[in-house]
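Raw entry-v9.cif, mmCIF, N, CA and C atoms:
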```cif
data_query
#
loop_
_atom_site.label_atom_id
_atom_site.label_comp_id
_atom_site.auth_asym_id
_atom_site.auth_seq_id
_atom_site.Cartn_x
_atom_site.Cartn_y
_atom_site.Cartn_z
N GLN X 886 -12.65 17.54 -0.81
CA GLN X 886 -11.63 17.12 0.15
C GLN X 886 -11.14 15.73 -0.23
N VAL X 887 -9.82 15.59 -0.30
CA VAL X 887 -9.23 14.31 -0.68
C VAL X 887 -9.04 13.44 0.56
N GLN X 888 -9.43 12.20 0.44
CA GLN X 888 -9.20 11.25 1.53
C GLN X 888 -8.72 9.93 0.95
N LEU X 889 -7.73 9.36 1.61
CA LEU X 889 -7.29 8.00 1.35
C LEU X 889 -7.45 7.24 2.65
N VAL X 890 -8.21 6.17 2.62
CA VAL X 890 -8.50 5.43 3.84
C VAL X 890 -8.04 3.98 3.67
N GLU X 891 -7.03 3.62 4.47
CA GLU X 891 -6.52 2.25 4.44
C GLU X 891 -7.29 1.37 5.42
N SER X 892 -7.34 0.10 5.11
CA SER X 892 -7.95 -0.87 6.00
C SER X 892 -7.33 -2.23 5.74
N GLY X 893 -7.59 -3.17 6.66
CA GLY X 893 -7.13 -4.54 6.46
C GLY X 893 -5.92 -4.94 7.27
N GLY X 894 -5.33 -4.00 7.99
CA GLY X 894 -4.20 -4.34 8.83
C GLY X 894 -4.63 -5.13 10.05
N GLY X 895 -3.64 -5.60 10.78
CA GLY X 895 -3.94 -6.36 11.99
C GLY X 895 -2.78 -7.22 12.40
N LEU X 896 -3.06 -8.15 13.30
CA LEU X 896 -2.07 -9.08 13.82
C LEU X 896 -2.19 -10.40 13.06
N VAL X 897 -1.07 -10.89 12.57
CA VAL X 897 -1.06 -12.15 11.82
C VAL X 897 0.18 -12.94 12.23
N GLN X 898 0.07 -14.25 12.19
CA GLN X 898 1.20 -15.11 12.53
C GLN X 898 2.17 -15.19 11.36
N PRO X 899 3.43 -15.47 11.65
CA PRO X 899 4.40 -15.67 10.56
C PRO X 899 3.91 -16.73 9.58
N GLY X 900 4.09 -16.43 8.30
CA GLY X 900 3.60 -17.32 7.26
C GLY X 900 2.19 -17.03 6.81
N GLY X 901 1.53 -16.15 7.52
CA GLY X 901 0.15 -15.81 7.20
C GLY X 901 0.04 -14.76 6.09
N SER X 902 -1.20 -14.39 5.81
CA SER X 902 -1.49 -13.44 4.74
C SER X 902 -2.43 -12.35 5.23
N LEU X 903 -2.33 -11.21 4.59
CA LEU X 903 -3.26 -10.11 4.81
C LEU X 903 -3.50 -9.42 3.47
N ARG X 904 -4.66 -8.83 3.34
CA ARG X 904 -4.97 -8.01 2.17
C ARG X 904 -5.33 -6.62 2.65
N LEU X 905 -4.51 -5.65 2.26
CA LEU X 905 -4.79 -4.27 2.60
C LEU X 905 -5.59 -3.62 1.47
N SER X 906 -6.44 -2.69 1.87
CA SER X 906 -7.23 -1.91 0.91
C SER X 906 -7.03 -0.43 1.20
N CYS X 907 -7.09 0.36 0.16
CA CYS X 907 -7.04 1.81 0.29
C CYS X 907 -8.07 2.39 -0.67
N THR X 908 -9.06 3.06 -0.11
CA THR X 908 -10.12 3.65 -0.91
C THR X 908 -9.97 5.16 -0.92
N ALA X 909 -9.98 5.72 -2.10
CA ALA X 909 -9.78 7.16 -2.28
C ALA X 909 -11.09 7.87 -2.60
N SER X 910 -11.18 9.10 -2.16
CA SER X 910 -12.29 9.97 -2.52
C SER X 910 -11.74 11.37 -2.76
N GLY X 911 -12.46 12.10 -3.61
CA GLY X 911 -12.05 13.48 -3.88
C GLY X 911 -11.01 13.65 -4.96
N ILE X 912 -10.61 12.55 -5.61
CA ILE X 912 -9.66 12.63 -6.71
C ILE X 912 -10.17 11.81 -7.88
N ARG X 913 -9.63 12.10 -9.05
CA ARG X 913 -9.93 11.30 -10.23
C ARG X 913 -8.99 10.09 -10.19
N PHE X 914 -9.42 9.09 -9.47
CA PHE X 914 -8.57 7.98 -9.07
C PHE X 914 -7.85 7.34 -10.25
N SER X 915 -8.51 7.19 -11.36
CA SER X 915 -7.97 6.39 -12.46
C SER X 915 -6.69 6.97 -13.07
N VAL X 916 -6.47 8.27 -12.87
CA VAL X 916 -5.28 8.87 -13.49
C VAL X 916 -4.08 8.89 -12.55
N TYR X 917 -4.29 8.46 -11.32
CA TYR X 917 -3.23 8.54 -10.32
C TYR X 917 -2.39 7.26 -10.29
N THR X 918 -1.10 7.44 -10.07
CA THR X 918 -0.24 6.35 -9.68
C THR X 918 -0.47 6.08 -8.20
N MET X 919 -0.76 4.84 -7.89
CA MET X 919 -1.03 4.46 -6.50
C MET X 919 0.14 3.65 -5.96
N GLY X 920 0.48 3.92 -4.73
CA GLY X 920 1.59 3.19 -4.13
C GLY X 920 1.30 2.78 -2.70
N TRP X 921 1.95 1.70 -2.32
CA TRP X 921 1.97 1.28 -0.91
C TRP X 921 3.38 1.48 -0.38
N TYR X 922 3.45 2.10 0.78
CA TYR X 922 4.70 2.30 1.49
C TYR X 922 4.55 1.70 2.88
N ARG X 923 5.68 1.52 3.54
CA ARG X 923 5.61 1.05 4.91
C ARG X 923 6.71 1.69 5.74
N GLN X 924 6.45 1.78 7.03
CA GLN X 924 7.42 2.33 7.97
C GLN X 924 7.56 1.37 9.14
N PRO X 925 8.63 0.57 9.15
CA PRO X 925 8.86 -0.32 10.27
C PRO X 925 9.21 0.48 11.53
N PRO X 926 9.07 -0.11 12.69
CA PRO X 926 9.40 0.61 13.93
C PRO X 926 10.84 1.11 13.93
N GLY X 927 11.03 2.38 14.19
CA GLY X 927 12.35 2.96 14.28
C GLY X 927 13.07 3.16 12.95
N LYS X 928 12.36 2.95 11.85
CA LYS X 928 13.00 3.07 10.54
C LYS X 928 12.26 4.09 9.67
N GLN X 929 12.87 4.40 8.53
CA GLN X 929 12.25 5.35 7.62
C GLN X 929 11.18 4.67 6.78
N ARG X 930 10.31 5.48 6.27
CA ARG X 930 9.28 4.98 5.37
C ARG X 930 9.93 4.53 4.07
N GLU X 931 9.43 3.41 3.53
CA GLU X 931 10.00 2.85 2.30
C GLU X 931 8.90 2.41 1.36
N LEU X 932 9.23 2.45 0.08
CA LEU X 932 8.29 2.01 -0.94
C LEU X 932 8.15 0.49 -0.89
N VAL X 933 6.93 0.02 -1.06
CA VAL X 933 6.66 -1.42 -1.17
C VAL X 933 6.36 -1.78 -2.62
N ALA X 934 5.38 -1.09 -3.19
CA ALA X 934 4.96 -1.38 -4.56
C ALA X 934 4.16 -0.21 -5.10
N SER X 935 4.10 -0.12 -6.41
CA SER X 935 3.29 0.92 -7.04
C SER X 935 2.61 0.37 -8.27
N ILE X 936 1.54 1.06 -8.67
CA ILE X 936 0.77 0.66 -9.84
C ILE X 936 0.29 1.93 -10.53
N ILE X 937 0.59 2.02 -11.83
CA ILE X 937 0.24 3.23 -12.57
C ILE X 937 -1.16 3.12 -13.17
N SER X 938 -1.64 4.23 -13.66
CA SER X 938 -2.87 4.21 -14.43
C SER X 938 -2.67 3.27 -15.62
N GLY X 939 -3.53 2.34 -15.79
CA GLY X 939 -3.36 1.33 -16.84
C GLY X 939 -2.94 -0.01 -16.30
N GLY X 940 -2.36 -0.01 -15.08
CA GLY X 940 -2.15 -1.27 -14.38
C GLY X 940 -0.75 -1.82 -14.30
N SER X 941 0.23 -1.19 -14.93
CA SER X 941 1.59 -1.70 -14.80
C SER X 941 2.07 -1.54 -13.37
N THR X 942 2.79 -2.54 -12.89
CA THR X 942 3.20 -2.56 -11.49
C THR X 942 4.71 -2.57 -11.34
N ASP X 943 5.14 -2.18 -10.16
CA ASP X 943 6.56 -2.18 -9.84
C ASP X 943 6.69 -2.53 -8.37
N TYR X 944 7.70 -3.34 -8.04
CA TYR X 944 7.89 -3.81 -6.69
C TYR X 944 9.34 -3.61 -6.25
N VAL X 945 9.50 -3.37 -4.95
CA VAL X 945 10.83 -3.46 -4.37
C VAL X 945 11.24 -4.93 -4.44
N ASP X 946 12.50 -5.17 -4.75
CA ASP X 946 12.95 -6.54 -5.00
C ASP X 946 12.59 -7.49 -3.86
N SER X 947 12.73 -7.04 -2.63
CA SER X 947 12.50 -7.93 -1.49
C SER X 947 11.04 -8.32 -1.34
N MET X 948 10.14 -7.62 -2.02
CA MET X 948 8.71 -7.91 -1.92
C MET X 948 8.21 -8.78 -3.08
N LYS X 949 9.02 -8.86 -4.13
CA LYS X 949 8.57 -9.61 -5.30
C LYS X 949 8.29 -11.06 -4.94
N GLY X 950 7.18 -11.55 -5.45
CA GLY X 950 6.80 -12.93 -5.21
C GLY X 950 5.96 -13.14 -3.97
N ARG X 951 6.00 -12.19 -3.04
CA ARG X 951 5.18 -12.31 -1.83
C ARG X 951 4.03 -11.32 -1.81
N PHE X 952 4.27 -10.13 -2.37
CA PHE X 952 3.26 -9.07 -2.34
C PHE X 952 2.73 -8.82 -3.75
N THR X 953 1.45 -8.52 -3.84
CA THR X 953 0.82 -8.19 -5.11
C THR X 953 -0.02 -6.94 -4.95
N ILE X 954 0.26 -5.95 -5.78
CA ILE X 954 -0.55 -4.73 -5.79
C ILE X 954 -1.51 -4.79 -6.96
N SER X 955 -2.73 -4.30 -6.73
CA SER X 955 -3.73 -4.26 -7.78
C SER X 955 -4.64 -3.08 -7.53
N ARG X 956 -5.42 -2.73 -8.54
CA ARG X 956 -6.33 -1.60 -8.39
C ARG X 956 -7.65 -1.90 -9.07
N ASP X 957 -8.70 -1.29 -8.54
CA ASP X 957 -10.03 -1.36 -9.13
C ASP X 957 -10.50 0.08 -9.29
N ASP X 958 -10.36 0.61 -10.49
CA ASP X 958 -10.70 2.01 -10.71
C ASP X 958 -12.19 2.28 -10.53
N ALA X 959 -13.02 1.28 -10.74
CA ALA X 959 -14.45 1.47 -10.55
C ALA X 959 -14.80 1.68 -9.08
N LEU X 960 -13.96 1.13 -8.19
CA LEU X 960 -14.19 1.26 -6.76
C LEU X 960 -13.25 2.27 -6.10
N ASN X 961 -12.40 2.92 -6.91
CA ASN X 961 -11.42 3.88 -6.38
C ASN X 961 -10.57 3.25 -5.28
N THR X 962 -10.17 2.02 -5.51
CA THR X 962 -9.49 1.27 -4.47
C THR X 962 -8.23 0.59 -5.01
N VAL X 963 -7.19 0.63 -4.20
CA VAL X 963 -5.97 -0.10 -4.48
C VAL X 963 -5.77 -1.12 -3.37
N TYR X 964 -5.23 -2.28 -3.75
CA TYR X 964 -5.08 -3.38 -2.82
C TYR X 964 -3.60 -3.78 -2.72
N LEU X 965 -3.27 -4.37 -1.59
CA LEU X 965 -1.96 -5.01 -1.43
C LEU X 965 -2.19 -6.36 -0.79
N GLN X 966 -2.01 -7.40 -1.59
CA GLN X 966 -2.09 -8.76 -1.06
C GLN X 966 -0.70 -9.15 -0.58
N MET X 967 -0.61 -9.54 0.69
CA MET X 967 0.67 -9.88 1.30
C MET X 967 0.62 -11.32 1.78
N ASN X 968 1.53 -12.13 1.26
CA ASN X 968 1.59 -13.54 1.61
C ASN X 968 2.92 -13.88 2.27
N ASN X 969 2.92 -15.01 2.96
CA ASN X 969 4.14 -15.50 3.60
C ASN X 969 4.81 -14.41 4.43
N LEU X 970 4.03 -13.79 5.28
CA LEU X 970 4.53 -12.67 6.07
C LEU X 970 5.54 -13.12 7.12
N THR X 971 6.50 -12.25 7.37
CA THR X 971 7.52 -12.50 8.39
C THR X 971 7.49 -11.35 9.40
N PRO X 972 8.10 -11.54 10.56
CA PRO X 972 8.15 -10.44 11.54
C PRO X 972 8.77 -9.16 10.97
N GLU X 973 9.65 -9.30 9.97
CA GLU X 973 10.27 -8.13 9.35
C GLU X 973 9.29 -7.29 8.54
N ASP X 974 8.13 -7.84 8.28
CA ASP X 974 7.10 -7.08 7.57
C ASP X 974 6.26 -6.22 8.51
N THR X 975 6.52 -6.32 9.81
CA THR X 975 5.80 -5.49 10.77
C THR X 975 6.09 -4.02 10.51
N ALA X 976 5.03 -3.25 10.34
CA ALA X 976 5.19 -1.83 9.99
C ALA X 976 3.82 -1.18 9.93
N ILE X 977 3.84 0.13 9.84
CA ILE X 977 2.63 0.86 9.45
C ILE X 977 2.67 0.96 7.93
N TYR X 978 1.59 0.56 7.30
CA TYR X 978 1.49 0.57 5.85
C TYR X 978 0.64 1.76 5.40
N TYR X 979 1.20 2.52 4.48
CA TYR X 979 0.54 3.73 3.99
C TYR X 979 0.22 3.62 2.51
N CYS X 980 -0.86 4.23 2.13
CA CYS X 980 -1.28 4.34 0.75
C CYS X 980 -0.94 5.75 0.25
N ARG X 981 -0.51 5.84 -0.99
CA ARG X 981 -0.17 7.14 -1.58
C ARG X 981 -0.79 7.24 -2.97
N ALA X 982 -1.32 8.42 -3.27
CA ALA X 982 -1.82 8.73 -4.61
C ALA X 982 -1.00 9.87 -5.18
N GLY X 983 -0.38 9.65 -6.32
CA GLY X 983 0.49 10.66 -6.89
C GLY X 983 0.18 10.96 -8.34
N SER X 984 0.31 12.22 -8.69
CA SER X 984 0.21 12.64 -10.08
C SER X 984 1.28 13.69 -10.33
N TYR X 985 1.27 14.29 -11.52
CA TYR X 985 2.33 15.25 -11.84
C TYR X 985 2.27 16.50 -10.97
N ASP X 986 1.11 16.77 -10.38
CA ASP X 986 0.99 18.02 -9.63
C ASP X 986 0.36 17.85 -8.26
N SER X 987 0.19 16.61 -7.80
CA SER X 987 -0.41 16.42 -6.48
C SER X 987 0.04 15.10 -5.87
N ASP X 988 -0.07 15.05 -4.56
CA ASP X 988 0.46 13.94 -3.80
C ASP X 988 -0.34 13.82 -2.51
N TYR X 989 -0.95 12.65 -2.31
CA TYR X 989 -1.80 12.47 -1.14
C TYR X 989 -1.42 11.18 -0.43
N TRP X 990 -1.58 11.20 0.90
CA TRP X 990 -1.27 10.04 1.73
C TRP X 990 -2.45 9.68 2.61
N GLY X 991 -2.57 8.40 2.89
CA GLY X 991 -3.51 7.95 3.88
C GLY X 991 -2.91 8.03 5.27
N GLN X 992 -3.72 7.63 6.25
CA GLN X 992 -3.29 7.74 7.65
C GLN X 992 -2.51 6.53 8.12
N GLY X 993 -2.52 5.47 7.33
CA GLY X 993 -1.76 4.27 7.66
C GLY X 993 -2.58 3.22 8.38
N THR X 994 -2.14 1.97 8.20
CA THR X 994 -2.76 0.86 8.91
C THR X 994 -1.64 -0.03 9.44
N GLN X 995 -1.78 -0.46 10.69
CA GLN X 995 -0.72 -1.22 11.35
C GLN X 995 -0.81 -2.69 10.95
N VAL X 996 0.33 -3.23 10.57
CA VAL X 996 0.47 -4.66 10.33
C VAL X 996 1.51 -5.19 11.30
N THR X 997 1.12 -6.18 12.09
CA THR X 997 2.02 -6.79 13.05
C THR X 997 2.09 -8.29 12.78
N VAL X 998 3.31 -8.77 12.55
CA VAL X 998 3.51 -10.19 12.29
C VAL X 998 4.23 -10.78 13.49
N SER X 999 3.54 -11.63 14.21
CA SER X 999 4.10 -12.17 15.45
C SER X 999 3.37 -13.44 15.82
N SER X 1000 4.11 -14.33 16.44
CA SER X 1000 3.51 -15.57 16.95
C SER X 1000 3.09 -15.39 18.41
#
```
Kindly return the structure encoded in the file as structure tokens.
Amino acid sequence: QVQLVESGGGLVQPGGSLRLSCTASGIRFSVYTMGWYRQPPGKQRELVASIISGGSTDYVDSMKGRFTISRDDALNTVYLQMNNLTPEDTAIYYCRAGSYDSDYWGQGTQVTVSS
């Protein structure tokens, strides 16, 4: 059974930082492209960043410089370091594992940026 479990969300003040984690089980993690997506209130889900097997990364332009995606294949975990957060970053953040023939999602973790 495949599971992706996100953690690290919460309430943070504007300008603050959070580090999200997503730990996978039931898949050969190292071969998967891992991605972080988010869904702000009332909006569609959108890509934040992705990291392929081997470590190359890609970011949505608006996230560059503030967010960093990384992975630890030994721990089957992908991370999203988020700095200088603004209220516009408030969303449910989801982890995704994708390969040529499969696609898995986590349940999401809430990030709220508010003073």
Taking (6.2, -14.0, 8.1) in the file's own coordinates, collect the residues within 7 Å, counting all atoms listed in the file, and hand them back as a list of chain:residue names.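 It turns out the residues near that spot are X:Gln898, X:Pro899, X:Gly900, X:Gly901, X:Asn968, X:Asn969, X:Leu970, X:Thr971, X:Pro972, X:Glu973, X:Asp974, X:Val998.
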Long-range neighbours of Tyr964 of chain X as a PDB file with N, CA and C atoms, in the coordinates of the input, 7 Å cut-off, only N, CA and C atoms, 2 positions minimum in chain:
```
ATOM      1  N   ARG X 904      -4.660  -8.830   3.340  1.00  0.00           N
ATOM      2  CA  ARG X 904      -4.970  -8.010   2.170  1.00  0.00           C
ATOM      3  C   ARG X 904      -5.330  -6.620   2.650  1.00  0.00           C
ATOM      4  N   LEU X 905      -4.510  -5.650   2.260  1.00  0.00           N
ATOM      5  CA  LEU X 905      -4.790  -4.270   2.600  1.00  0.00           C
ATOM      6  C   LEU X 905      -5.590  -3.620   1.470  1.00  0.00           C
ATOM      7  N   SER X 906      -6.440  -2.690   1.870  1.00  0.00           N
ATOM      8  CA  SER X 906      -7.230  -1.910   0.910  1.00  0.00           C
ATOM      9  C   SER X 906      -7.030  -0.430   1.200  1.00  0.00           C
ATOM     10  N   CYS X 907      -7.090   0.360   0.160  1.00  0.00           N
ATOM     11  CA  CYS X 907      -7.040   1.810   0.290  1.00  0.00           C
ATOM     12  C   CYS X 907      -8.070   2.390  -0.670  1.00  0.00           C
ATOM     13  N   THR X 953       1.450  -8.520  -3.840  1.00  0.00           N
ATOM     14  CA  THR X 953       0.820  -8.190  -5.110  1.00  0.00           C
ATOM     15  C   THR X 953      -0.020  -6.940  -4.950  1.00  0.00           C
ATOM     16  N   ILE X 954       0.260  -5.950  -5.780  1.00  0.00           N
ATOM     17  CA  ILE X 954      -0.550  -4.730  -5.790  1.00  0.00           C
ATOM     18  C   ILE X 954      -1.510  -4.790  -6.960  1.00  0.00           C
ATOM     19  N   SER X 955      -2.730  -4.300  -6.730  1.00  0.00           N
ATOM     20  CA  SER X 955      -3.730  -4.260  -7.780  1.00  0.00           C
ATOM     21  C   SER X 955      -4.640  -3.080  -7.530  1.00  0.00           C
ATOM     22  N   ARG X 956      -5.420  -2.730  -8.540  1.00  0.00           N
ATOM     23  CA  ARG X 956      -6.330  -1.600  -8.390  1.00  0.00           C
ATOM     24  C   ARG X 956      -7.650  -1.900  -9.070  1.00  0.00           C
ATOM     25  N   ASP X 957      -8.700  -1.290  -8.540  1.00  0.00           N
ATOM     26  CA  ASP X 957     -10.030  -1.360  -9.130  1.00  0.00           C
ATOM     27  C   ASP X 957     -10.500   0.080  -9.290  1.00  0.00           C
ATOM     28  N   THR X 962     -10.170   2.020  -5.510  1.00  0.00           N
ATOM     29  CA  THR X 962      -9.490   1.270  -4.470  1.00  0.00           C
ATOM     30  C   THR X 962      -8.230   0.590  -5.010  1.00  0.00           C
ATOM     31  N   GLN X 966      -2.010  -7.400  -1.590  1.00  0.00           N
ATOM     32  CA  GLN X 966      -2.090  -8.760  -1.060  1.00  0.00           C
ATOM     33  C   GLN X 966      -0.700  -9.150  -0.580  1.00  0.00           C
TER      34      GLN X 966
END
```
Selection in question (the file shown): the PyMOL selection byres (((chain X and resi 894 and name CA) around 7) and name CA). Which residues does it include, as a PyMOL selection string? chain X and resi 892-893+895+905+994-996
Can you write just those residues out, N, CA and C atoms, as a PDB file, in the frame of the given file?
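Once written, part_26.pdb looks like this:
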```
ATOM      1  N   SER X 892      -7.340   0.100   5.110  1.00  0.00           N
ATOM      2  CA  SER X 892      -7.950  -0.870   6.000  1.00  0.00           C
ATOM      3  C   SER X 892      -7.330  -2.230   5.740  1.00  0.00           C
ATOM      4  N   GLY X 893      -7.590  -3.170   6.660  1.00  0.00           N
ATOM      5  CA  GLY X 893      -7.130  -4.540   6.460  1.00  0.00           C
ATOM      6  C   GLY X 893      -5.920  -4.940   7.270  1.00  0.00           C
ATOM      7  N   GLY X 895      -3.640  -5.600  10.780  1.00  0.00           N
ATOM      8  CA  GLY X 895      -3.940  -6.360  11.990  1.00  0.00           C
ATOM      9  C   GLY X 895      -2.780  -7.220  12.400  1.00  0.00           C
ATOM     10  N   LEU X 905      -4.510  -5.650   2.260  1.00  0.00           N
ATOM     11  CA  LEU X 905      -4.790  -4.270   2.600  1.00  0.00           C
ATOM     12  C   LEU X 905      -5.590  -3.620   1.470  1.00  0.00           C
ATOM     13  N   THR X 994      -2.140   1.970   8.200  1.00  0.00           N
ATOM     14  CA  THR X 994      -2.760   0.860   8.910  1.00  0.00           C
ATOM     15  C   THR X 994      -1.640  -0.030   9.440  1.00  0.00           C
ATOM     16  N   GLN X 995      -1.780  -0.460  10.690  1.00  0.00           N
ATOM     17  CA  GLN X 995      -0.720  -1.220  11.350  1.00  0.00           C
ATOM     18  C   GLN X 995      -0.810  -2.690  10.950  1.00  0.00           C
ATOM     19  N   VAL X 996       0.330  -3.230  10.570  1.00  0.00           N
ATOM     20  CA  VAL X 996       0.470  -4.660  10.330  1.00  0.00           C
ATOM     21  C   VAL X 996       1.510  -5.190  11.300  1.00  0.00           C
TER      22      VAL X 996
END
```
Please extract the residues of chain X with a backbone DSSP assignment of strand (DSSP E or B) and present them as a PyMOL selection string. chain X and resi 888-892+895-897+903-910+918-924+931-936+942-944+952-957+962-967+976-983+988-990+994-998
Please, what distance in Å, to one decimal, runs between atom C of Tyr944 of chain X and atom CA of Met919 of chain X?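 Atom CA of Met919 of chain X lies 13.1 Å from atom C of Tyr944 of chain X.
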Run the PyMOL selection byres ((chain X and resi 888) around 5) against the file shown and list the residues it catches, as a list in words.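 With the shown file as input, the PyMOL selection byres ((chain X and resi 888) around 5) matches Gln886, Val887, Leu889, Val890, Ala909 and Ser910 of chain X.
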Hey, can I get the axis-aligned box for segment 916-928 of chain X? All listed atoms, 3 Å padding on each side, centre and edge lengths in Å to one decimal, as lines of an AutoDock Vina configuration file.
```
center_x = 3.3
center_y = 4.3
center_z = 0.4
size_x = 25.5
size_y = 15.2
size_z = 33.8
```
Could you find all residues in chain X that DSSP calls helix (DSSP H, G or I) from the backbone, and write them as a list in words? Phe914, Ser915, Val916, Asp946, Ser947, Met948, Pro972, Glu973 and Asp974 of chain X
Shell of 10 Å around Ser941 of chain X, only C-alpha atoms, local chain residues under 3 positions omitted, as a PyMOL selection string: chain X and resi 918+935-938+954-955
What is the atom C of Asp958 of chain X-atom N of Ser915 of chain X distance in Å, reported with one decimal?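 So the two atoms, atom C of Asp958 of chain X and atom N of Ser915 of chain X, lie 6.2 Å apart.
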For the provided coordinates, the residues matched by the PyMOL selection byres (((chain X and resi 928 and name CA) around 12) and name CA) should be stated as a list in words. Arg923, Gln924, Pro925, Pro926, Gly927, Gln929, Arg930, Glu931, Glu973, Thr975, Ala976 and Ile977 of chain X
Separation of atom CA of Thr908 of chain X from atom CA of Tyr978 of chain X, in Å and rounded to one decimal: 13.8 Å
Nearest to Leu965 of chain X among X:Ala982, X:Trp990, X:Leu903, X:Lys949, with distances taken over all atoms listed in the file: which residue is it? X:Leu903
From the list X:Tyr979, X:Phe952, X:Phe914, X:Trp921, which residue is nearest Gly993 of chain X when using only C-alpha atoms?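 Closest to Gly993 of chain X, using only C-alpha atoms: X:Tyr979.
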May I ask which of the residues X:Val897, X:Val945, X:Tyr917, X:Gly911 is the closest one to Ser987 of chain X, counting only C-alpha atoms?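 Checking each of X:Val897, X:Val945, X:Tyr917, X:Gly911 against Ser987 of chain X, counting only C-alpha atoms, the winner is X:Tyr917.
Remark: for Ser902 of chain X, the closest of the candidate residues X:Asp943, X:Met967, X:Ser999, X:Asp988 is X:Met967 (distances computed over all atoms listed in the file).
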If I only have part of segment 950-956 of chain X, can you fill in all heavy atoms and write it as a PDB file, in the coordinates of the input?
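Saved as out.pdb:
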```
ATOM      1  N   GLY X 950       7.180 -11.550  -5.450  1.00  0.00           N
ATOM      2  CA  GLY X 950       6.800 -12.930  -5.210  1.00  0.00           C
ATOM      3  C   GLY X 950       5.960 -13.140  -3.970  1.00  0.00           C
ATOM      4  O   GLY X 950       5.280 -14.151  -3.849  1.00  0.00           O
ATOM      5  N   ARG X 951       6.000 -12.190  -3.040  1.00  0.00           N
ATOM      6  CA  ARG X 951       5.180 -12.310  -1.830  1.00  0.00           C
ATOM      7  C   ARG X 951       4.030 -11.320  -1.810  1.00  0.00           C
ATOM      8  O   ARG X 951       2.967 -11.603  -1.278  1.00  0.00           O
ATOM      9  CB  ARG X 951       6.033 -12.101  -0.572  1.00  0.00           C
ATOM     10  CG  ARG X 951       7.107 -13.125  -0.349  1.00  0.00           C
ATOM     11  CD  ARG X 951       7.664 -13.029   1.057  1.00  0.00           C
ATOM     12  NE  ARG X 951       8.212 -11.703   1.332  1.00  0.00           N
ATOM     13  CZ  ARG X 951       7.848 -10.960   2.392  1.00  0.00           C
ATOM     14  NH1 ARG X 951       6.938 -11.403   3.248  1.00  0.00           N
ATOM     15  NH2 ARG X 951       8.412  -9.774   2.583  1.00  0.00           N
ATOM     16  N   PHE X 952       4.270 -10.130  -2.370  1.00  0.00           N
ATOM     17  CA  PHE X 952       3.260  -9.070  -2.340  1.00  0.00           C
ATOM     18  C   PHE X 952       2.730  -8.820  -3.750  1.00  0.00           C
ATOM     19  O   PHE X 952       3.489  -8.889  -4.717  1.00  0.00           O
ATOM     20  CB  PHE X 952       3.863  -7.767  -1.809  1.00  0.00           C
ATOM     21  CG  PHE X 952       4.234  -7.783  -0.353  1.00  0.00           C
ATOM     22  CD1 PHE X 952       4.139  -8.935   0.418  1.00  0.00           C
ATOM     23  CD2 PHE X 952       4.685  -6.623   0.262  1.00  0.00           C
ATOM     24  CE1 PHE X 952       4.477  -8.939   1.757  1.00  0.00           C
ATOM     25  CE2 PHE X 952       5.027  -6.611   1.606  1.00  0.00           C
ATOM     26  CZ  PHE X 952       4.925  -7.765   2.351  1.00  0.00           C
ATOM     27  N   THR X 953       1.450  -8.520  -3.840  1.00  0.00           N
ATOM     28  CA  THR X 953       0.820  -8.190  -5.110  1.00  0.00           C
ATOM     29  C   THR X 953      -0.020  -6.940  -4.950  1.00  0.00           C
ATOM     30  O   THR X 953      -0.919  -6.905  -4.101  1.00  0.00           O
ATOM     31  CB  THR X 953      -0.053  -9.341  -5.620  1.00  0.00           C
ATOM     32  OG1 THR X 953       0.730 -10.534  -5.735  1.00  0.00           O
ATOM     33  CG2 THR X 953      -0.653  -9.002  -6.986  1.00  0.00           C
ATOM     34  N   ILE X 954       0.260  -5.950  -5.780  1.00  0.00           N
ATOM     35  CA  ILE X 954      -0.550  -4.730  -5.790  1.00  0.00           C
ATOM     36  C   ILE X 954      -1.510  -4.790  -6.960  1.00  0.00           C
ATOM     37  O   ILE X 954      -1.173  -5.291  -8.045  1.00  0.00           O
ATOM     38  CB  ILE X 954       0.349  -3.466  -5.875  1.00  0.00           C
ATOM     39  CG1 ILE X 954      -0.473  -2.198  -5.655  1.00  0.00           C
ATOM     40  CG2 ILE X 954       1.132  -3.428  -7.183  1.00  0.00           C
ATOM     41  CD1 ILE X 954       0.396  -0.939  -5.508  1.00  0.00           C
ATOM     42  N   SER X 955      -2.730  -4.300  -6.730  1.00  0.00           N
ATOM     43  CA  SER X 955      -3.730  -4.260  -7.780  1.00  0.00           C
ATOM     44  C   SER X 955      -4.640  -3.080  -7.530  1.00  0.00           C
ATOM     45  O   SER X 955      -4.632  -2.493  -6.439  1.00  0.00           O
ATOM     46  CB  SER X 955      -4.531  -5.566  -7.839  1.00  0.00           C
ATOM     47  OG  SER X 955      -5.213  -5.790  -6.618  1.00  0.00           O
ATOM     48  N   ARG X 956      -5.420  -2.730  -8.540  1.00  0.00           N
ATOM     49  CA  ARG X 956      -6.330  -1.600  -8.390  1.00  0.00           C
ATOM     50  C   ARG X 956      -7.650  -1.900  -9.070  1.00  0.00           C
ATOM     51  O   ARG X 956      -7.700  -2.647 -10.059  1.00  0.00           O
ATOM     52  CB  ARG X 956      -5.711  -0.319  -8.959  1.00  0.00           C
ATOM     53  CG  ARG X 956      -5.465  -0.333 -10.443  1.00  0.00           C
ATOM     54  CD  ARG X 956      -4.617   0.875 -10.874  1.00  0.00           C
ATOM     55  NE  ARG X 956      -5.304   2.140 -10.667  1.00  0.00           N
ATOM     56  CZ  ARG X 956      -4.674   3.312 -10.612  1.00  0.00           C
ATOM     57  NH1 ARG X 956      -3.361   3.383 -10.732  1.00  0.00           N
ATOM     58  NH2 ARG X 956      -5.374   4.423 -10.432  1.00  0.00           N
TER      59      ARG X 956
END
```
